[in-house]
Every structure is written in C-alpha cells, then in structure tokens.
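Working notes, beginning with the structure itself.
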Amino acid sequence: MSNGPLLEITFEAEVIQWRGPAPFFFVTIPKRYTSAIKRAARIASYGWGVVPVTVEIGAVGFTTSLFPRDGGYLVPLKNAVREEAAVVLGDMVRMAVTIAAR
C-alpha cells in the first residue's frame, strides 16, 4: 500500500461564521470535491463522518478534521490559525487540503 496521500485538493473559498453558543469560523470546501472526499474518507475517517486532514493557508500549516455539513464539508479555523494566517471573516483564502491514510 502507498504511503502517499489519498487526496490533495487546492481551492479558494470564503471564511464564514457559524453562530452557535460561541462563534465558529469555517471554510466550505467546494461541492465539486465532495465525491472524492467521501471516497478518501472510507479509508481515512475515524468515525462519525469526520475526516482528519492537514491544511495549508499560505505559509501556515495545521491539522484538523473536516466536518460534514449539508452534504459537503467544512474546514474549521481555530482562532490561533486565523491569527497566524491573518484571515478574518469574509476573506477569500487559498487553501490546500490533504487527506492521508491512517
């Protein structure tokens, strides 16, 4: 079995906010990648449909998990990541997402 990534995608999307008990910030992965993510998730997911990934926004790299939402996926952005990458609500960000085998 290969040690390479299951999926690597790069796209541009807007930083959005989901208001709950505390505000959460996300980037919605474009729908055109949903099928490929679902295929990779069969191998990479550790349950509940959550998919572990590594992400890069410019020079800032971090690990997180994709959240399934409305038939697609969201990339959560922690405050520390947003501050380091200097991104705020409404910004368009270029993001690289990699799904690796567990």
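All residue names refer to the structure tokens as shown: chains lettered A, B, ... in order, residues numbered from 1 in each chain, ligands numbered from 1 in order.
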
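Look at A:Val60: the protein and nucleic acid residues within 12 Å of it, using only C-alpha atoms and passing over chain neighbours fewer than 4 places away, are Thr54, Val55, Glu56, Leu77, Ala80, Val81, Arg82, Glu83, Glu84, Ala85, Ala86, Val87, Val93, Arg94, Met95 and Ala96 of chain A.
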
Would you kindly return, as a list in words, each protein, DNA or RNA residue with an atom no farther than 12 Å from any atom of A:Trp48, considering only C-alpha atoms and excluding same-chain residues fewer than 2 positions away?
Ala41, Arg42, Ala44, Ser45, Tyr46, Val50, Val51, Pro52, Ser65, Leu66, Phe67, Pro68 and Arg69 of chain A

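Of the listed residues A:Gly71, A:Arg102, A:Gly90, A:Lys78, the one whose atoms come nearest to A:Lys31 is A:Gly71, with distances taken using only C-alpha atoms.
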
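Considering the residues A:Ile99, A:Thr64, A:Gly72, A:Val15 and counting only C-alpha atoms, A:Tyr33 has its shortest atom-to-atom contact with A:Gly72.
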
Test item, alpha helix (DSSP H) assignment across chain A, answer as a PyMOL selection string:
chain A and resi 34-44+79-85

Minimum-distance residue to A:Val27, chosen among A:Leu89, A:Ala13, A:Ala59, A:Glu8 (using only C-alpha atoms):
A:Ala13

Distance in Å - atom CA of A:Gly47 versus atom CA of A:Asn79
25.2 Å
